[in-house]
$ cat model.cif   # mmCIF, C-alpha atoms
data_model
loop_
_atom_site.group_PDB
_atom_site.id
_atom_site.type_symbol
_atom_site.label_atom_id
_atom_site.label_comp_id
_atom_site.auth_asym_id
_atom_site.auth_seq_id
_atom_site.Cartn_x
_atom_site.Cartn_y
_atom_site.Cartn_z
ATOM 1 C CA PHE G 1 19.223 -23.693 -77.528
ATOM 2 C CA SER G 2 22.903 -23.372 -76.615
ATOM 3 C CA VAL G 3 23.594 -20.051 -74.909
ATOM 4 C CA ALA G 4 27.119 -20.450 -73.525
ATOM 5 C CA LYS G 5 29.439 -23.332 -72.676
ATOM 6 C CA GLY G 6 27.285 -25.861 -70.815
ATOM 7 C CA LEU G 7 24.232 -23.554 -70.617
ATOM 8 C CA HIS G 8 21.090 -24.000 -72.709
ATOM 9 C CA ASN G 9 17.685 -22.316 -72.894
ATOM 10 C CA LEU G 10 14.767 -24.750 -73.100
ATOM 11 C CA VAL G 11 11.632 -23.727 -75.025
ATOM 12 C CA ALA G 12 8.428 -25.646 -75.713
ATOM 13 C CA TYR G 13 5.607 -24.384 -77.903
ATOM 14 C CA ALA G 14 2.102 -25.190 -76.669
ATOM 15 C CA GLN G 15 -1.378 -24.242 -77.825
ATOM 16 C CA ASN G 16 -4.722 -23.783 -76.134
ATOM 17 C CA PRO G 17 -7.503 -24.023 -78.747
ATOM 18 C CA ASN G 18 -10.171 -23.068 -76.182
ATOM 19 C CA VAL G 19 -11.743 -19.680 -76.831
ATOM 20 C CA GLU G 20 -13.234 -19.105 -73.385
ATOM 21 C CA TYR G 21 -11.125 -21.267 -71.070
ATOM 22 C CA VAL G 22 -7.703 -21.014 -69.452
ATOM 23 C CA ALA G 23 -5.951 -23.616 -67.343
ATOM 24 C CA GLU G 24 -4.845 -22.990 -63.815
ATOM 25 C CA PRO G 25 -1.037 -23.036 -63.663
ATOM 26 C CA ILE G 26 -0.178 -26.529 -64.862
ATOM 27 C CA GLU G 27 2.928 -28.513 -63.922
ATOM 28 C CA TYR G 28 5.423 -29.472 -66.621
ATOM 29 C CA ILE G 29 8.817 -31.065 -67.022
ATOM 30 C CA PHE G 30 11.625 -30.841 -69.558
ATOM 31 C CA LEU G 31 13.806 -33.955 -69.817
ATOM 32 C CA VAL G 32 17.151 -33.342 -71.530
ATOM 33 C CA TYR G 33 19.108 -36.249 -73.083
ATOM 34 C CA ASP G 34 22.531 -36.625 -74.678
ATOM 35 C CA LYS G 35 23.288 -38.338 -78.033
ATOM 36 C CA ASP G 36 23.286 -41.773 -76.326
ATOM 37 C CA ASN G 37 19.773 -41.106 -74.971
ATOM 38 C CA VAL G 38 21.128 -40.818 -71.421
ATOM 39 C CA LEU G 39 19.259 -38.348 -69.232
ATOM 40 C CA ILE G 40 21.387 -35.268 -68.504
ATOM 41 C CA GLY G 41 18.814 -33.622 -66.244
ATOM 42 C CA THR G 42 15.353 -32.208 -65.834
ATOM 43 C CA ARG G 43 13.735 -28.827 -65.349
ATOM 44 C CA GLU G 44 10.281 -28.539 -63.800
ATOM 45 C CA GLY G 45 7.894 -25.622 -63.531
ATOM 46 C CA TYR G 46 4.356 -24.304 -63.918
ATOM 47 C CA ALA G 47 2.848 -22.705 -67.008
ATOM 48 C CA LEU G 48 -0.071 -20.346 -67.401
ATOM 49 C CA VAL G 49 -2.255 -21.353 -70.339
ATOM 50 C CA PRO G 50 -3.880 -18.369 -72.088
ATOM 51 C CA PRO G 51 -7.065 -18.738 -74.178
ATOM 52 C CA THR G 52 -6.908 -19.366 -77.944
ATOM 53 C CA LYS G 53 -3.208 -18.910 -78.272
ATOM 54 C CA THR G 54 0.038 -20.605 -79.147
ATOM 55 C CA PHE G 55 2.529 -19.720 -76.444
ATOM 56 C CA PRO G 56 6.123 -20.537 -75.467
ATOM 57 C CA ILE G 57 7.195 -22.131 -72.212
ATOM 58 C CA PHE G 58 10.719 -20.883 -71.513
ATOM 59 C CA GLU G 59 13.261 -22.263 -69.054
ATOM 60 C CA PRO G 60 16.546 -20.329 -69.018
ATOM 61 C CA ALA G 61 20.096 -21.478 -68.312
ATOM 62 C CA PHE G 62 19.762 -25.272 -68.095
ATOM 63 C CA ASN G 63 23.229 -26.429 -66.996
ATOM 64 C CA ALA G 64 24.316 -29.527 -68.927
ATOM 65 C CA GLY G 65 27.868 -29.349 -67.595
ATOM 66 C CA GLU G 66 30.341 -30.968 -69.993
ATOM 67 C CA ARG G 67 27.637 -33.058 -71.718
ATOM 68 C CA GLN G 68 26.038 -31.994 -75.002
ATOM 69 C CA PRO G 69 22.224 -32.151 -75.180
ATOM 70 C CA ALA G 70 20.896 -33.925 -78.271
ATOM 71 C CA LYS G 71 17.189 -33.972 -77.478
ATOM 72 C CA ALA G 72 14.714 -32.431 -75.063
ATOM 73 C CA VAL G 73 11.311 -33.861 -74.230
ATOM 74 C CA PHE G 74 8.534 -31.691 -72.817
ATOM 75 C CA GLU G 75 5.376 -32.889 -71.123
ATOM 76 C CA PHE G 76 2.678 -31.647 -68.825
ATOM 77 C CA THR G 77 2.804 -33.756 -65.653
ATOM 78 C CA ALA G 78 -0.637 -33.038 -64.251
ATOM 79 C CA PRO G 79 -4.088 -32.797 -65.810
ATOM 80 C CA ALA G 80 -5.283 -29.320 -66.718
ATOM 81 C CA VAL G 81 -7.905 -27.712 -64.497
ATOM 82 C CA TRP G 82 -9.916 -25.483 -66.825
ATOM 83 C CA LYS G 83 -11.615 -22.264 -65.747
ATOM 84 C CA ARG G 84 -13.861 -20.007 -67.765
ATOM 85 C CA PHE G 85 -12.044 -16.834 -68.789
ATOM 86 C CA GLN G 86 -14.495 -14.027 -68.065
ATOM 87 C CA SER G 87 -12.770 -10.934 -69.387
ATOM 88 C CA LYS G 88 -11.775 -9.794 -72.857
ATOM 89 C CA LYS G 89 -8.518 -11.339 -74.012
ATOM 90 C CA PRO G 90 -5.845 -8.624 -73.819
ATOM 91 C CA GLU G 91 -3.703 -8.207 -76.913
ATOM 92 C CA LEU G 92 -0.312 -6.573 -77.045
ATOM 93 C CA SER G 93 1.719 -5.972 -80.167
ATOM 94 C CA ILE G 94 5.351 -5.632 -81.151
ATOM 95 C CA ALA G 95 6.785 -2.751 -83.188
ATOM 96 C CA ASP G 96 10.160 -1.527 -84.440
ATOM 97 C CA GLU G 97 11.905 -4.894 -84.350
ATOM 98 C CA ASN G 98 15.669 -4.491 -84.948
ATOM 99 C CA LEU G 99 18.362 -7.196 -84.770
ATOM 100 C CA ARG G 100 21.936 -5.913 -84.559
ATOM 101 C CA ASN G 101 25.336 -7.610 -84.347
ATOM 102 C CA ALA G 102 24.025 -11.064 -85.302
ATOM 103 C CA THR G 103 27.529 -12.294 -86.170
ATOM 104 C CA THR G 104 29.208 -10.948 -83.015
ATOM 105 C CA THR G 105 27.035 -10.258 -79.932
ATOM 106 C CA PRO G 106 23.379 -10.375 -81.030
ATOM 107 C CA VAL G 107 21.034 -7.741 -79.639
ATOM 108 C CA LEU G 108 17.357 -7.648 -80.541
ATOM 109 C CA GLN G 109 15.493 -4.443 -79.763
ATOM 110 C CA ALA G 110 11.772 -3.886 -80.158
ATOM 111 C CA VAL G 111 8.870 -1.982 -78.663
ATOM 112 C CA LEU G 112 6.041 -3.623 -76.712
ATOM 113 C CA VAL G 113 2.815 -1.739 -77.473
ATOM 114 C CA ASN G 114 -0.333 -1.632 -75.341
ATOM 115 C CA GLU G 115 -3.292 -0.097 -77.173
ATOM 116 C CA THR G 116 -5.769 -1.054 -74.453
ATOM 117 C CA ILE G 117 -7.010 1.041 -71.539
ATOM 118 C CA ASN G 118 -5.564 -1.498 -69.083
ATOM 119 C CA LYS G 119 -2.249 -1.300 -67.255
ATOM 120 C CA TYR G 120 -0.335 -4.620 -67.173
ATOM 121 C CA LYS G 121 2.356 -5.869 -64.815
ATOM 122 C CA ASP G 122 4.890 -8.715 -64.895
ATOM 123 C CA ILE G 123 4.817 -9.421 -68.626
ATOM 124 C CA GLU G 124 7.086 -12.215 -69.854
ATOM 125 C CA VAL G 125 8.269 -11.679 -73.432
ATOM 126 C CA VAL G 126 10.011 -14.454 -75.375
ATOM 127 C CA ALA G 127 11.951 -14.015 -78.621
ATOM 128 C CA ILE G 128 12.571 -16.958 -80.968
ATOM 129 C CA VAL G 129 15.017 -16.622 -83.869
ATOM 130 C CA TYR G 130 14.683 -18.844 -86.953
ATOM 131 C CA ASP G 131 17.160 -19.836 -89.668
ATOM 132 C CA GLU G 132 16.586 -19.862 -93.438
ATOM 133 C CA ASN G 133 15.009 -23.349 -93.219
ATOM 134 C CA GLY G 134 12.422 -22.206 -90.678
ATOM 135 C CA ASN G 135 14.138 -23.967 -87.762
ATOM 136 C CA ALA G 136 14.139 -22.264 -84.366
ATOM 137 C CA LYS G 137 17.824 -21.698 -83.561
ATOM 138 C CA ALA G 138 17.919 -19.280 -80.607
ATOM 139 C CA ALA G 139 15.627 -18.000 -77.874
ATOM 140 C CA SER G 140 15.740 -15.385 -75.151
ATOM 141 C CA LYS G 141 13.380 -13.963 -72.552
ATOM 142 C CA THR G 142 12.891 -10.592 -70.924
ATOM 143 C CA MET G 143 10.444 -9.291 -68.323
ATOM 144 C CA VAL G 144 8.498 -6.024 -68.391
ATOM 145 C CA ASP G 145 7.578 -4.880 -64.891
ATOM 146 C CA VAL G 146 4.853 -2.398 -65.914
ATOM 147 C CA LEU G 147 3.200 -1.490 -69.205
ATOM 148 C CA PRO G 148 0.893 1.508 -68.745
ATOM 149 C CA ALA G 149 -2.436 1.828 -70.574
ATOM 150 C CA GLU G 150 -2.177 3.137 -74.133
ATOM 151 C CA ASP G 151 1.610 3.221 -73.908
ATOM 152 C CA GLN G 152 4.680 1.394 -75.092
ATOM 153 C CA VAL G 153 8.016 0.301 -73.639
ATOM 154 C CA PRO G 154 11.289 -0.719 -75.243
ATOM 155 C CA ILE G 155 12.375 -4.346 -74.835
ATOM 156 C CA ILE G 156 15.806 -5.882 -75.394
ATOM 157 C CA PHE G 157 16.985 -9.463 -75.881
ATOM 158 C CA THR G 158 20.656 -10.458 -75.899
ATOM 159 C CA TRP G 159 22.765 -13.518 -76.615
ATOM 160 C CA PRO G 160 26.383 -13.999 -75.468
ATOM 161 C CA ARG G 161 27.525 -15.751 -78.664
ATOM 162 C CA PRO G 162 27.193 -14.916 -82.367
ATOM 163 C CA PHE G 163 24.524 -16.574 -84.490
ATOM 164 C CA ASP G 164 26.179 -19.144 -86.778
ATOM 165 C CA PHE G 165 23.176 -19.131 -89.134
ATOM 166 C CA ALA G 166 21.392 -16.699 -91.413
ATOM 167 C CA VAL G 167 18.375 -15.201 -89.618
ATOM 168 C CA SER G 168 15.220 -15.416 -91.715
ATOM 169 C CA ARG G 169 12.513 -14.646 -89.168
ATOM 170 C CA ILE G 170 12.083 -13.483 -85.586
ATOM 171 C CA GLU G 171 9.035 -14.107 -83.450
ATOM 172 C CA ILE G 172 8.461 -12.015 -80.309
ATOM 173 C CA ILE G 173 5.679 -13.282 -78.053
ATOM 174 C CA PRO G 174 4.371 -11.355 -75.011
ATOM 175 C CA LYS G 175 2.792 -13.475 -72.266
ATOM 176 C CA LEU G 176 0.550 -11.699 -69.812
ATOM 177 C CA PRO G 177 -0.198 -13.206 -66.412
ATOM 178 C CA ILE G 178 -3.761 -14.549 -66.559
ATOM 179 C CA LYS G 179 -6.072 -13.890 -63.628
ATOM 180 C CA ILE G 180 -8.590 -16.696 -63.177
#
$ encode --input "model.cif" --output "structure tokens"
Amino acid sequence: FSVAKGLHNLVAYAQNPNVEYVAEPIEYIFLVYDKDNVLIGTREGYALVPPTKTFPIFEPAFNAGERQPAKAVFEFTAPAVWKRFQSKKPELSIADENLRNATTTPVLQAVLVNETINKYKDIEVVAIVYDENGNAKAASKTMVDVLPAEDQVPIIFTWPRPFDFAVSRIEIIPKLPIKI
């Protein structure tokens, strides 16, 4: 997703169909190519794999320089090491979603809600914005340092450029760190 001149956010969608298993942090790589299928660059990292969930893997600010990315390939580069997930799967929800200034400087505000009795730290939250054809067109990430038990916190996502598409749907996905 183009963010600013030469800068792009990379997002992959993955799914763990296992109900009682999570993977230890697993290595991955994004490979970004131009229209001539020439490699522009790579971005590597580690992803936590939560149980029974579709989740985004977000890499911000990939610098393509003067070249224009045409395709990105994502792959896990190591085999998953599965561990039994012993505790109840925590669930957080999103409320009061509000997109403003979509045609100038988009700002998405929402509330991250914790209805559990657990306090959570270091929560990654990813927002994906879709056009009228259901295509993902923009993405952003924010971090929540602390979410107290039975509480809520405001979250904000921003983009430096206007959306040049009609927004039909927004998906906001909280990702808790998983303790194995």
$ residues_around --input "model.cif" --residues "Asn37 in chain G" --least-positions-apart "5" --cutoff "10 Å" --atoms "all atoms listed in the file" --output "VMD selection string"
chain G and resid 32 69 to 71
$ residues_around --input "model.cif" --residues "Val73 in chain G" --least-positions-apart "3" --cutoff "9 Å" --atoms "all atoms listed in the file" --output "ChimeraX atom specification"
/G:12,29-33
$ residues_around --input "model.cif" --residues "Pro51 in chain G" --least-positions-apart "3" --cutoff "6 Å" --atoms "all atoms listed in the file" --output "ChimeraX atom specification"
/G:16,18-19,21-22
$ residues_around --input "model.cif" --residues "Ala23 in chain G" --least-positions-apart "2" --cutoff "6 Å" --atoms "all atoms listed in the file" --output "PyMOL selection string"
chain G and resi 49+80-82
$ closest_residue --input "model.cif" --among "G:Ala47, G:Val11, G:Ile128, G:Leu112" --to "Ala72 in chain G" --atoms "only C-alpha atoms"
G:Val11
$ atom_distance --input "model.cif" --atom1 "CA of Val3 in chain G" --atom2 "CA of Phe62 in chain G"
9.4 Å
